[in-house]
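Novice: My structure file my_file.pdb, PDB, C-alpha atoms, is below:
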ATOM      1  CA  MET A   1      15.935 -41.388 -22.196
ATOM      2  CA  THR A   2      19.028 -39.687 -20.809
ATOM      3  CA  ALA A   3      19.150 -37.848 -17.493
ATOM      4  CA  VAL A   4      19.684 -34.579 -19.360
ATOM      5  CA  THR A   5      16.565 -35.166 -21.441
ATOM      6  CA  ARG A   6      14.515 -35.965 -18.358
ATOM      7  CA  CYS A   7      15.684 -32.762 -16.653
ATOM      8  CA  PHE A   8      14.803 -30.736 -19.744
ATOM      9  CA  ILE A   9      11.305 -32.226 -19.874
ATOM     10  CA  CYS A  10      10.787 -31.498 -16.172
ATOM     11  CA  PHE A  11      11.898 -27.916 -16.724
ATOM     12  CA  ILE A  12       9.426 -27.486 -19.581
ATOM     13  CA  LEU A  13       6.584 -28.963 -17.514
ATOM     14  CA  VAL A  14       7.288 -26.513 -14.702
ATOM     15  CA  ALA A  15       7.950 -23.476 -16.899
ATOM     16  CA  LEU A  16       4.989 -23.753 -19.275
ATOM     17  CA  PRO A  17       2.270 -23.042 -16.671
ATOM     18  CA  LEU A  18       4.280 -20.070 -15.348
ATOM     19  CA  LEU A  19       4.761 -18.711 -18.878
ATOM     20  CA  ALA A  20       1.060 -19.112 -19.648
ATOM     21  CA  ALA A  21       0.120 -17.312 -16.425
ATOM     22  CA  THR A  22       2.452 -14.446 -17.295
ATOM     23  CA  GLN A  23       1.106 -14.119 -20.840
ATOM     24  CA  ASP A  24      -2.447 -14.072 -19.482
ATOM     25  CA  TYR A  25      -1.618 -11.380 -16.885
ATOM     26  CA  PRO A  26      -3.740  -9.729 -15.696
ATOM     27  CA  ASN A  27      -6.997 -11.629 -15.936
ATOM     28  CA  LYS A  28      -8.602 -10.278 -12.757
ATOM     29  CA  PRO A  29      -8.558  -7.128 -10.587
ATOM     30  CA  ILE A  30      -5.319  -6.100  -8.860
ATOM     31  CA  ARG A  31      -5.057  -4.775  -5.321
ATOM     32  CA  MET A  32      -2.609  -2.007  -4.479
ATOM     33  CA  ILE A  33      -2.041  -1.923  -0.736
ATOM     34  CA  VAL A  34      -1.131   1.369   0.912
ATOM     35  CA  PRO A  35       0.175   0.672   4.437
ATOM     36  CA  LEU A  36      -0.523   4.226   5.571
ATOM     37  CA  ALA A  37      -3.643   6.273   6.284
ATOM     38  CA  PRO A  38      -5.778   7.756   3.477
ATOM     39  CA  GLY A  39      -5.059  11.292   2.333
ATOM     40  CA  GLY A  40      -1.290  11.286   2.683
ATOM     41  CA  ALA A  41       1.384  11.405  -0.003
ATOM     42  CA  ALA A  42       1.569   7.620  -0.422
ATOM     43  CA  ASP A  43      -2.209   7.312  -0.689
ATOM     44  CA  LEU A  44      -2.495  10.064  -3.309
ATOM     45  CA  LEU A  45       0.380   8.612  -5.316
ATOM     46  CA  ALA A  46      -1.201   5.150  -5.225
ATOM     47  CA  ARG A  47      -4.421   6.534  -6.639
ATOM     48  CA  PHE A  48      -2.598   8.250  -9.510
ATOM     49  CA  VAL A  49      -0.762   5.005 -10.291
ATOM     50  CA  SER A  50      -3.865   2.831 -10.002
ATOM     51  CA  GLN A  51      -5.844   5.030 -12.389
ATOM     52  CA  GLY A  52      -3.147   4.772 -15.036
ATOM     53  CA  LEU A  53      -2.718   1.024 -14.580
ATOM     54  CA  THR A  54      -6.460   0.424 -14.806
ATOM     55  CA  VAL A  55      -6.404   1.975 -18.267
ATOM     56  CA  SER A  56      -3.220   0.306 -19.523
ATOM     57  CA  LEU A  57      -3.894  -3.179 -18.117
ATOM     58  CA  GLY A  58      -7.604  -3.239 -18.858
ATOM     59  CA  LYS A  59      -8.424  -4.532 -15.376
ATOM     60  CA  PRO A  60      -9.399  -2.628 -12.223
ATOM     61  CA  VAL A  61      -6.519  -1.701  -9.916
ATOM     62  CA  VAL A  62      -8.098  -1.053  -6.531
ATOM     63  CA  VAL A  63      -6.328   0.934  -3.800
ATOM     64  CA  GLU A  64      -6.740  -0.579  -0.349
ATOM     65  CA  ASN A  65      -5.481   1.171   2.791
ATOM     66  CA  ARG A  66      -4.145  -1.207   5.463
ATOM     67  CA  SER A  67      -2.649   1.214   7.947
ATOM     68  CA  GLY A  68      -1.295   0.456  11.384
ATOM     69  CA  GLY A  69       1.931  -0.540  13.029
ATOM     70  CA  GLY A  70       3.845   2.300  11.393
ATOM     71  CA  GLY A  71       3.069   0.835   7.975
ATOM     72  CA  ASN A  72       4.223  -2.646   8.924
ATOM     73  CA  ILE A  73       0.818  -4.347   8.860
ATOM     74  CA  GLY A  74       0.082  -3.602   5.222
ATOM     75  CA  SER A  75       3.672  -4.200   4.128
ATOM     76  CA  ASP A  76       3.785  -7.586   5.845
ATOM     77  CA  PHE A  77       0.462  -8.530   4.234
ATOM     78  CA  VAL A  78       1.921  -7.966   0.763
ATOM     79  CA  ALA A  79       5.209  -9.668   1.640
ATOM     80  CA  LYS A  80       3.249 -12.807   2.547
ATOM     81  CA  SER A  81       0.871 -12.653  -0.444
ATOM     82  CA  ALA A  82       1.103 -14.897  -3.496
ATOM     83  CA  PRO A  83       3.810 -13.699  -5.938
ATOM     84  CA  ASP A  84       1.394 -13.553  -8.859
ATOM     85  CA  GLY A  85       1.213  -9.814  -9.527
ATOM     86  CA  TYR A  86      -2.296  -9.369  -8.130
ATOM     87  CA  THR A  87      -1.256  -7.864  -4.785
ATOM     88  CA  LEU A  88       1.055  -4.849  -4.933
ATOM     89  CA  LEU A  89       2.414  -2.436  -2.331
ATOM     90  CA  LEU A  90       2.871   1.338  -2.534
ATOM     91  CA  ALA A  91       5.498   2.051   0.116
ATOM     92  CA  GLY A  92       8.794   3.817   0.621
ATOM     93  CA  ILE A  93      10.931   5.706   3.067
ATOM     94  CA  PRO A  94       8.813   5.014   6.206
ATOM     95  CA  GLN A  95       9.335   1.300   5.654
ATOM     96  CA  ALA A  96      13.066   1.722   4.945
ATOM     97  CA  ILE A  97      13.453   3.639   8.217
ATOM     98  CA  GLY A  98      11.279   1.077   9.977
ATOM     99  CA  MET A  99      13.831  -1.649   9.241
ATOM    100  CA  SER A 100      16.026  -0.196  11.998
ATOM    101  CA  LEU A 101      13.453   1.813  13.969
ATOM    102  CA  TYR A 102      11.459  -1.266  15.052
ATOM    103  CA  LYS A 103      13.131  -3.923  17.154
ATOM    104  CA  LYS A 104      11.039  -6.736  15.670
ATOM    105  CA  LEU A 105       9.533  -6.845  12.195
ATOM    106  CA  PRO A 106       7.610  -9.749  10.650
ATOM    107  CA  TYR A 107       9.130  -9.125   7.208
ATOM    108  CA  ASP A 108      12.342  -7.891   5.596
ATOM    109  CA  MET A 109      11.847  -5.078   3.098
ATOM    110  CA  ALA A 110      14.999  -5.971   1.166
ATOM    111  CA  LYS A 111      14.314  -9.707   0.972
ATOM    112  CA  ASP A 112      10.552 -10.248   1.090
ATOM    113  CA  LEU A 113       9.487  -7.535  -1.355
ATOM    114  CA  ALA A 114      10.451  -7.264  -5.017
ATOM    115  CA  PRO A 115      11.060  -3.681  -6.171
ATOM    116  CA  VAL A 116       9.024  -2.773  -9.255
ATOM    117  CA  ILE A 117       9.608   0.962  -9.712
ATOM    118  CA  GLN A 118      10.365   4.098  -7.748
ATOM    119  CA  ALA A 119       7.518   6.487  -8.471
ATOM    120  CA  ALA A 120       8.065   9.920  -6.923
ATOM    121  CA  THR A 121      10.000  11.920  -4.363
ATOM    122  CA  PHE A 122       8.574  14.445  -1.901
ATOM    123  CA  PRO A 123      10.976  17.006  -0.371
ATOM    124  CA  SER A 124      10.007  18.956   2.738
ATOM    125  CA  ILE A 125      10.157  22.582   3.827
ATOM    126  CA  ILE A 126      12.127  23.559   6.914
ATOM    127  CA  ALA A 127       9.919  26.265   8.370
ATOM    128  CA  VAL A 128      10.209  28.402  11.487
ATOM    129  CA  HIS A 129       7.764  30.478  13.474
ATOM    130  CA  PRO A 130       8.162  34.144  12.441
ATOM    131  CA  SER A 131       9.262  35.033  15.975
ATOM    132  CA  LEU A 132      12.422  32.934  15.637
ATOM    133  CA  PRO A 133      15.189  35.320  14.519
ATOM    134  CA  VAL A 134      16.576  33.196  11.677
ATOM    135  CA  ARG A 135      16.148  33.484   7.917
ATOM    136  CA  SER A 136      18.528  30.784   6.719
ATOM    137  CA  ILE A 137      19.957  27.412   7.676
ATOM    138  CA  LYS A 138      23.281  29.075   8.516
ATOM    139  CA  GLU A 139      21.549  31.384  10.968
ATOM    140  CA  LEU A 140      19.543  28.480  12.424
ATOM    141  CA  LEU A 141      22.657  26.384  13.003
ATOM    142  CA  ALA A 142      24.502  29.314  14.553
ATOM    143  CA  LEU A 143      21.617  30.038  16.919
ATOM    144  CA  ALA A 144      21.206  26.375  17.860
ATOM    145  CA  LYS A 145      24.929  26.056  18.600
ATOM    146  CA  SER A 146      24.825  29.138  20.802
ATOM    147  CA  ARG A 147      21.795  27.750  22.684
ATOM    148  CA  PRO A 148      22.289  23.940  22.693
ATOM    149  CA  GLY A 149      19.056  22.065  23.310
ATOM    150  CA  GLN A 150      16.988  25.225  23.752
ATOM    151  CA  LEU A 151      15.451  25.291  20.280
ATOM    152  CA  ASN A 152      12.671  22.764  19.744
ATOM    153  CA  TYR A 153      11.171  21.212  16.646
ATOM    154  CA  GLY A 154       8.151  18.983  16.142
ATOM    155  CA  ALA A 155       7.946  15.744  14.172
ATOM    156  CA  ASN A 156       6.516  12.225  14.170
ATOM    157  CA  THR A 157       9.052  10.027  15.953
ATOM    158  CA  GLY A 158      11.139   8.114  13.421
ATOM    159  CA  SER A 159       9.704   9.964  10.430
ATOM    160  CA  PRO A 160      11.912  11.372   7.642
ATOM    161  CA  ASN A 161      11.171  14.854   8.967
ATOM    162  CA  HIS A 162      12.361  13.837  12.438
ATOM    163  CA  LEU A 163      15.531  12.098  11.331
ATOM    164  CA  GLY A 164      16.199  14.725   8.676
ATOM    165  CA  MET A 165      16.429  17.335  11.416
ATOM    166  CA  GLU A 166      18.863  15.069  13.257
ATOM    167  CA  LEU A 167      21.053  15.065  10.135
ATOM    168  CA  LEU A 168      21.699  18.773  10.677
ATOM    169  CA  ASN A 169      24.086  17.639  13.432
ATOM    170  CA  VAL A 170      23.203  20.354  15.912
ATOM    171  CA  LYS A 171      21.632  19.912  19.326
ATOM    172  CA  MET A 172      17.938  20.773  19.320
ATOM    173  CA  THR A 173      15.045  19.255  21.290
ATOM    174  CA  HIS A 174      12.665  16.964  19.440
ATOM    175  CA  ILE A 175       8.997  17.298  20.456
ATOM    176  CA  PRO A 176       7.202  14.086  19.386
ATOM    177  CA  TYR A 177       3.861  14.169  17.556
ATOM    178  CA  LYS A 178       1.548  11.536  16.112
ATOM    179  CA  GLY A 179       0.661  13.405  12.939
ATOM    180  CA  ALA A 180       1.747  16.228  10.658
ATOM    181  CA  GLY A 181      -1.439  18.244  11.233
ATOM    182  CA  PRO A 182      -0.792  18.915  14.934
ATOM    183  CA  VAL A 183       2.816  19.866  14.132
ATOM    184  CA  VAL A 184       1.635  22.581  11.737
ATOM    185  CA  THR A 185      -0.991  23.790  14.212
ATOM    186  CA  ASP A 186       1.480  24.091  17.076
ATOM    187  CA  LEU A 187       4.134  25.715  14.908
ATOM    188  CA  ILE A 188       1.713  28.397  13.728
ATOM    189  CA  ALA A 189       0.668  28.991  17.353
ATOM    190  CA  GLY A 190       4.305  29.319  18.437
ATOM    191  CA  HIS A 191       4.233  26.302  20.779
ATOM    192  CA  ILE A 192       7.223  24.911  18.882
ATOM    193  CA  GLN A 193       9.835  26.934  17.022
ATOM    194  CA  LEU A 194      10.507  25.013  13.847
ATOM    195  CA  ALA A 195       9.775  21.840  11.890
ATOM    196  CA  ALA A 196      10.373  20.070   8.604
ATOM    197  CA  LEU A 197       6.989  19.835   6.909
ATOM    198  CA  GLY A 198       5.513  18.462   3.715
ATOM    199  CA  PHE A 199       4.611  20.997   1.042
ATOM    200  CA  PRO A 200       0.819  20.420   1.077
ATOM    201  CA  GLY A 201       0.521  21.142   4.799
ATOM    202  CA  ALA A 202       3.016  23.999   5.044
ATOM    203  CA  LEU A 203       2.907  25.902   1.769
ATOM    204  CA  PRO A 204      -0.355  27.845   2.337
ATOM    205  CA  TYR A 205       0.932  29.166   5.670
ATOM    206  CA  VAL A 206       4.308  30.071   4.180
ATOM    207  CA  GLN A 207       2.586  31.981   1.390
ATOM    208  CA  ALA A 208       0.358  33.734   3.946
ATOM    209  CA  GLY A 209       3.368  34.776   6.025
ATOM    210  CA  ARG A 210       2.331  32.763   9.068
ATOM    211  CA  LEU A 211       5.409  30.550   8.724
ATOM    212  CA  ARG A 212       8.851  31.375   7.342
ATOM    213  CA  ALA A 213      10.461  28.858   4.978
ATOM    214  CA  ILE A 214      14.236  28.870   5.348
ATOM    215  CA  ALA A 215      15.161  25.851   3.206
ATOM    216  CA  VAL A 216      13.889  22.862   1.258
ATOM    217  CA  THR A 217      15.328  19.424   1.938
ATOM    218  CA  GLY A 218      15.699  18.063  -1.600
ATOM    219  CA  THR A 219      18.640  18.188  -3.966
ATOM    220  CA  LYS A 220      17.270  21.184  -5.879
ATOM    221  CA  ARG A 221      14.967  24.133  -5.309
ATOM    222  CA  SER A 222      11.245  23.637  -5.637
ATOM    223  CA  PRO A 223       9.362  25.457  -8.402
ATOM    224  CA  LEU A 224       6.729  26.194  -5.757
ATOM    225  CA  LEU A 225       9.300  28.143  -3.682
ATOM    226  CA  PRO A 226      11.990  29.134  -6.184
ATOM    227  CA  ASP A 227      13.551  31.739  -3.879
ATOM    228  CA  VAL A 228      14.035  29.282  -1.006
ATOM    229  CA  PRO A 229      17.431  27.506  -1.184
ATOM    230  CA  THR A 230      18.146  23.868  -0.458
ATOM    231  CA  VAL A 231      19.777  22.849   2.805
ATOM    232  CA  SER A 232      22.800  21.692   0.824
ATOM    233  CA  GLU A 233      23.416  25.090  -0.765
ATOM    234  CA  SER A 234      22.797  26.794   2.606
ATOM    235  CA  GLY A 235      25.785  25.440   4.469
ATOM    236  CA  VAL A 236      25.291  21.663   4.814
ATOM    237  CA  PRO A 237      26.924  20.231   1.671
ATOM    238  CA  GLY A 238      25.515  16.926   0.467
ATOM    239  CA  TYR A 239      22.376  17.155   2.591
ATOM    240  CA  SER A 240      19.368  15.527   0.937
ATOM    241  CA  VAL A 241      16.218  14.198   2.578
ATOM    242  CA  THR A 242      13.249  13.384   0.384
ATOM    243  CA  SER A 243      10.329  11.126   1.126
ATOM    244  CA  TRP A 244      10.355   8.625  -1.724
ATOM    245  CA  TYR A 245       7.733   6.048  -2.625
ATOM    246  CA  GLY A 246       7.470   3.244  -5.115
ATOM    247  CA  VAL A 247       5.690   0.039  -6.015
ATOM    248  CA  PHE A 248       6.655  -3.400  -4.738
ATOM    249  CA  ALA A 249       5.438  -6.933  -5.366
ATOM    250  CA  PRO A 250       5.936 -10.021  -3.200
ATOM    251  CA  ALA A 251       9.374 -11.578  -3.608
ATOM    252  CA  GLY A 252       9.271 -14.330  -6.204
ATOM    253  CA  THR A 253       7.047 -12.448  -8.640
ATOM    254  CA  SER A 254       8.166 -13.214 -12.201
ATOM    255  CA  ARG A 255      10.512 -10.821 -13.982
ATOM    256  CA  GLU A 256       8.024 -10.654 -16.861
ATOM    257  CA  ILE A 257       5.205  -9.378 -14.643
ATOM    258  CA  ILE A 258       7.520  -6.934 -12.866
ATOM    259  CA  GLY A 259       8.785  -5.686 -16.221
ATOM    260  CA  LYS A 260       5.255  -5.136 -17.520
ATOM    261  CA  LEU A 261       4.225  -3.287 -14.371
ATOM    262  CA  ASN A 262       7.361  -1.149 -14.523
ATOM    263  CA  THR A 263       6.648  -0.083 -18.102
ATOM    264  CA  ASP A 264       2.976   0.684 -17.510
ATOM    265  CA  ILE A 265       3.494   2.530 -14.205
ATOM    266  CA  SER A 266       6.268   4.633 -15.743
ATOM    267  CA  ALA A 267       3.954   5.627 -18.573
ATOM    268  CA  ALA A 268       1.131   6.442 -16.140
ATOM    269  CA  LEU A 269       3.358   8.710 -14.047
ATOM    270  CA  LYS A 270       4.695  10.558 -17.082
ATOM    271  CA  ASN A 271       1.193  11.486 -18.141
ATOM    272  CA  ALA A 272       1.062  15.297 -18.205
ATOM    273  CA  ASP A 273      -1.994  15.465 -15.952
ATOM    274  CA  VAL A 274      -0.430  13.207 -13.303
ATOM    275  CA  THR A 275       2.873  15.071 -13.473
ATOM    276  CA  SER A 276       1.153  18.418 -12.941
ATOM    277  CA  LYS A 277      -0.821  17.087  -9.970
ATOM    278  CA  LEU A 278       2.340  15.761  -8.331
ATOM    279  CA  THR A 279       4.164  19.039  -8.997
ATOM    280  CA  ALA A 280       1.350  20.890  -7.228
ATOM    281  CA  LEU A 281       2.083  18.721  -4.167
ATOM    282  CA  GLY A 282       5.752  19.680  -4.249
ATOM    283  CA  ALA A 283       6.643  16.230  -5.591
ATOM    284  CA  GLU A 284       8.697  15.087  -8.543
ATOM    285  CA  VAL A 285       8.199  12.019 -10.728
ATOM    286  CA  ALA A 286      11.272   9.813 -10.297
ATOM    287  CA  THR A 287      10.822   6.556 -12.193
ATOM    288  CA  THR A 288      13.482   3.838 -12.251
ATOM    289  CA  THR A 289      14.130   0.314 -13.466
ATOM    290  CA  PRO A 290      13.456  -2.467 -10.934
ATOM    291  CA  GLU A 291      17.202  -2.941 -10.509
ATOM    292  CA  GLU A 292      17.820   0.753  -9.852
ATOM    293  CA  PHE A 293      14.991   0.848  -7.352
ATOM    294  CA  GLY A 294      16.404  -2.172  -5.564
ATOM    295  CA  ARG A 295      19.732  -0.399  -5.113
ATOM    296  CA  ILE A 296      17.975   2.716  -3.815
ATOM    297  CA  VAL A 297      16.035   0.671  -1.249
ATOM    298  CA  ARG A 298      19.147  -1.107   0.025
ATOM    299  CA  ASP A 299      21.121   2.147   0.229
ATOM    300  CA  GLU A 300      18.287   3.925   2.067
ATOM    301  CA  ILE A 301      17.941   1.124   4.608
ATOM    302  CA  LYS A 302      21.662   1.443   5.399
ATOM    303  CA  LYS A 303      21.604   5.250   5.462
ATOM    304  CA  TRP A 304      18.715   5.537   7.894
ATOM    305  CA  ALA A 305      19.968   2.718  10.123
ATOM    306  CA  LYS A 306      22.968   4.909  10.956
ATOM    307  CA  VAL A 307      20.783   7.955  11.622
ATOM    308  CA  VAL A 308      18.373   5.972  13.803
ATOM    309  CA  GLN A 309      21.261   4.623  15.839
ATOM    310  CA  THR A 310      22.801   8.060  16.305
ATOM    311  CA  SER A 311      19.512   9.731  17.201
ATOM    312  CA  GLY A 312      18.461   7.007  19.619
ATOM    313  CA  ALA A 313      14.978   6.909  18.027
ATOM    314  CA  THR A 314      13.033   3.734  18.595
ATOM    315  CA  SER A 315       9.508   2.385  18.315
ATOM    316  CA  GLU A 316       7.823  -0.812  19.416
TER
END
For this file, write the structure as structure tokens.
Specialist:
Amino acid sequence: MTAVTRCFICFILVALPLLAATQDYPNKPIRMIVPLAPGGAADLLARFVSQGLTVSLGKPVVVENRSGGGGNIGSDFVAKSAPDGYTLLLAGIPQAIGMSLYKKLPYDMAKDLAPVIQAATFPSIIAVHPSLPVRSIKELLALAKSRPGQLNYGANTGSPNHLGMELLNVKMTHIPYKGAGPVVTDLIAGHIQLAALGFPGALPYVQAGRLRAIAVTGTKRSPLLPDVPTVSESGVPGYSVTSWYGVFAPAGTSREIIGKLNTDISAALKNADVTSKLTALGAEVATTTPEEFGRIVRDEIKKWAKVVQTSGATSE
């Protein structure tokens, strides 16, 4: 027996069990870990995805919230799980920002997690208290430049809404919060002057006239606020800040399993009922191939590392 023949036999012996496991996938329930608290955008998206996967795969896909550590606890748990397709992660921009926001992380988002599919994007509304005499981004920037540091905005430290405000490149004072709810409450009360807010929390107050929406942060206008322009078309060309989320598996998961998950999740998200529910949240379905999602993740990690450094934001 030649050395080449022996190597080929060894390859077959190793590959056959892996191929059989892939063909049999899934043969038990799947866990989808959400590293953030219940009720938020990531949690709702995970539940939409899990419902569709449960139908298409024929096995239960159970959402499990493992919040804490800015999303690092749940993400690290998945990164260290077996790469067999039975433990998945629904994560996104908070983890990409966290790569530079936290001085020490137990995992590397770009190396320890395998991108499966980007699922959806969630733009925000830049809203001001009605007493602030601005009705556009141009007017906001002009006022902020004339009163450097005197305007204040609220946001979770290191969140997309915090760093997105920093991208406006004008001196305003950041008031730190631990949740979006208190930001909305204080903005309505006039304790802070402006904030970037998610659609679900801000839209009812904008529609009631208790807050004034001056821009949306995505690349195009929202159908929920068609008369409100984007930041980019309001005087900051190229500006785009959307909270994106997608599905990951542990690094080392087979391409066959990732491919199957990508196909089934894409189909679940394009279901008309799911699409309409996401639209009502101000979100947009944004599915990708695993390779495309990988490029997005790497680009976002680099983008936000620069913003974190410039802003001086940090978290332990």
Novice: Would you write out, as a PDB file with C-alpha atoms, in the coordinates of the input, every residue that the PyMOL selection byres ((chain A and resi 66-78) around 7) captures in this file?
Specialist:
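Contents of the output file expr37.pdb:
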ATOM      1  CA  ILE A  33      -2.041  -1.923  -0.736  1.00  0.00           C
ATOM      2  CA  VAL A  34      -1.131   1.369   0.912  1.00  0.00           C
ATOM      3  CA  PRO A  35       0.175   0.672   4.437  1.00  0.00           C
ATOM      4  CA  LEU A  36      -0.523   4.226   5.571  1.00  0.00           C
ATOM      5  CA  ALA A  37      -3.643   6.273   6.284  1.00  0.00           C
ATOM      6  CA  GLU A  64      -6.740  -0.579  -0.349  1.00  0.00           C
ATOM      7  CA  ASN A  65      -5.481   1.171   2.791  1.00  0.00           C
ATOM      8  CA  ALA A  79       5.209  -9.668   1.640  1.00  0.00           C
ATOM      9  CA  LYS A  80       3.249 -12.807   2.547  1.00  0.00           C
ATOM     10  CA  SER A  81       0.871 -12.653  -0.444  1.00  0.00           C
ATOM     11  CA  THR A  87      -1.256  -7.864  -4.785  1.00  0.00           C
ATOM     12  CA  LEU A  88       1.055  -4.849  -4.933  1.00  0.00           C
ATOM     13  CA  LEU A  89       2.414  -2.436  -2.331  1.00  0.00           C
ATOM     14  CA  GLN A  95       9.335   1.300   5.654  1.00  0.00           C
ATOM     15  CA  PRO A 106       7.610  -9.749  10.650  1.00  0.00           C
ATOM     16  CA  TYR A 107       9.130  -9.125   7.208  1.00  0.00           C
ATOM     17  CA  PRO A 250       5.936 -10.021  -3.200  1.00  0.00           C
TER      18      PRO A 250
END
Novice: Which distance in Å separates atom CA of A:Gly154 and atom CA of A:Met172, to one decimal?
Specialist: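 Calculated distance between atom CA of A:Gly154 and atom CA of A:Met172 is 10.4 Å.
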Novice: Provide the atom CA of A:Ile137 to atom CA of A:Pro229 distance in Å, to one decimal place.
Specialist: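 Separating atom CA of A:Ile137 from atom CA of A:Pro229 is a distance of 9.2 Å.
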Novice: Compile the contact shell of A:Arg221 as a PyMOL selection string: residues with an atom at most 10 Å away, counting only C-alpha atoms, same-chain residues fewer than 5 positions apart removed.
Specialist: chain A and resi 123+215-216+226-231+233
Novice: Can you spit out the residues from that selection as an mmCIF file, in the frame of the given file, using C-alpha atoms?
Specialist:
data_model
loop_
_atom_site.group_PDB
_atom_site.id
_atom_site.type_symbol
_atom_site.label_atom_id
_atom_site.label_comp_id
_atom_site.auth_asym_id
_atom_site.auth_seq_id
_atom_site.Cartn_x
_atom_site.Cartn_y
_atom_site.Cartn_z
ATOM 1 C CA PRO A 123 10.976 17.006 -0.371
ATOM 2 C CA ALA A 215 15.161 25.851 3.206
ATOM 3 C CA VAL A 216 13.889 22.862 1.258
ATOM 4 C CA PRO A 226 11.990 29.134 -6.184
ATOM 5 C CA ASP A 227 13.551 31.739 -3.879
ATOM 6 C CA VAL A 228 14.035 29.282 -1.006
ATOM 7 C CA PRO A 229 17.431 27.506 -1.184
ATOM 8 C CA THR A 230 18.146 23.868 -0.458
ATOM 9 C CA VAL A 231 19.777 22.849 2.805
ATOM 10 C CA GLU A 233 23.416 25.090 -0.765
#
Novice: Which residues come within 6 Å of stretch 258-271 of chain A, counting only C-alpha atoms, excluding same-chain residues fewer than 2 positions away, as a list in words?
Specialist: Gly52, Val116, Ile117, Arg255, Glu256, Asp273 and Val274 of chain A
Novice: Tell me which residues the PyMOL selection byres ((chain A and resi 193) around 6) grabs here, as number ranges by chain.
Specialist: A: 128-129, 152-153, 192, 194
Novice: Could you write out as a VMD selection string the residues that the PyMOL selection byres ((chain A and resi 289) around 8) matches in the shown file?
Specialist: chain A and resid 116 to 118 262 287 to 288 290 to 293
Novice: Can you work out the spacing between atom CA of A:Ser159 and atom CA of A:Leu141 in Å, to one decimal?
Specialist: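 Rounded to one decimal, the two atoms are 21.1 Å apart.
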Novice: For A:Pro148, which residue out of A:Thr279, A:Asn169, A:Ser131, A:Thr219 is the nearest one, using all atoms listed in the file?
Specialist: A:Asn169
Novice: Excluding A:Ala196 and its own-chain neighbours fewer than 2 positions away, which residues fall within 8 Å of it when counting only C-alpha atoms? Please give them as a CSV table (one decimal) with C-alpha atoms, in the coordinates of the input.
Specialist:
chain,number,residue,atom,x,y,z
A,124,SER,CA,10.0,19.0,2.7
A,125,ILE,CA,10.2,22.6,3.8
A,126,ILE,CA,12.1,23.6,6.9
A,127,ALA,CA,9.9,26.3,8.4
A,154,GLY,CA,8.2,19.0,16.1
A,155,ALA,CA,7.9,15.7,14.2
A,161,ASN,CA,11.2,14.9,9.0
A,162,HIS,CA,12.4,13.8,12.4
A,164,GLY,CA,16.2,14.7,8.7
A,165,MET,CA,16.4,17.3,11.4
A,194,LEU,CA,10.5,25.0,13.8
A,198,GLY,CA,5.5,18.5,3.7
Novice: Using only C-alpha atoms, which of A:Arg212, A:Thr275, A:Thr157, A:Ser50 sits nearest A:Val134?
Specialist: A:Arg212
Novice: To test the calculation: enclose all listed atoms of stretch 141-154 of chain A in a box whose edges run along x, y and z, add 5 Å on each side, then state centre and edge lengths in Å to one decimal, as JSON.
Specialist:
{"center_x": 16.5, "center_y": 24.5, "center_z": 18.4, "size_x": 26.8, "size_y": 21.1, "size_z": 20.7}
Novice: Of the residues A:Asp84, A:Glu300, A:Glu284, A:Glu166, which is the one nearest to A:Gln23, using all atoms listed in the file?
Specialist: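 Of the candidates, the smallest distance to A:Gln23 is held by A:Asp84.
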Novice: Let me make sure I understand: among A:Phe48, A:Ser146, A:Lys59, A:Ala41, which one has the smallest atom-to-atom distance to A:Ala272 if we use all atoms listed in the file?
Specialist: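 With all atoms listed in the file as the atom set, the closest residue is A:Phe48.
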Novice: A:Pro223, A:Pro182, A:Pro130, A:Pro26: which is nearest A:Asn156, counting only C-alpha atoms?
Specialist: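 Of the candidates, the smallest distance to A:Asn156 is held by A:Pro182.
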Novice: Considering only C-alpha atoms, state which residue in the set A:Leu168, A:Ile301, A:Val183, A:Ala249 is at the smallest distance from A:Val236.
Specialist: A:Leu168
Novice: Give me, as a PDB file with C-alpha atoms, in the frame of the given file, all polymer residues having an atom no more than 8 Å from A:Val308, counting all atoms listed in the file and skipping those fewer than 6 positions away in the same chain.
Specialist:
ATOM      1  CA  ILE A  97      13.453   3.639   8.217  1.00  0.00           C
ATOM      2  CA  SER A 100      16.026  -0.196  11.998  1.00  0.00           C
ATOM      3  CA  LEU A 101      13.453   1.813  13.969  1.00  0.00           C
ATOM      4  CA  GLY A 158      11.139   8.114  13.421  1.00  0.00           C
ATOM      5  CA  LEU A 163      15.531  12.098  11.331  1.00  0.00           C
ATOM      6  CA  THR A 314      13.033   3.734  18.595  1.00  0.00           C
TER       7      THR A 314
END
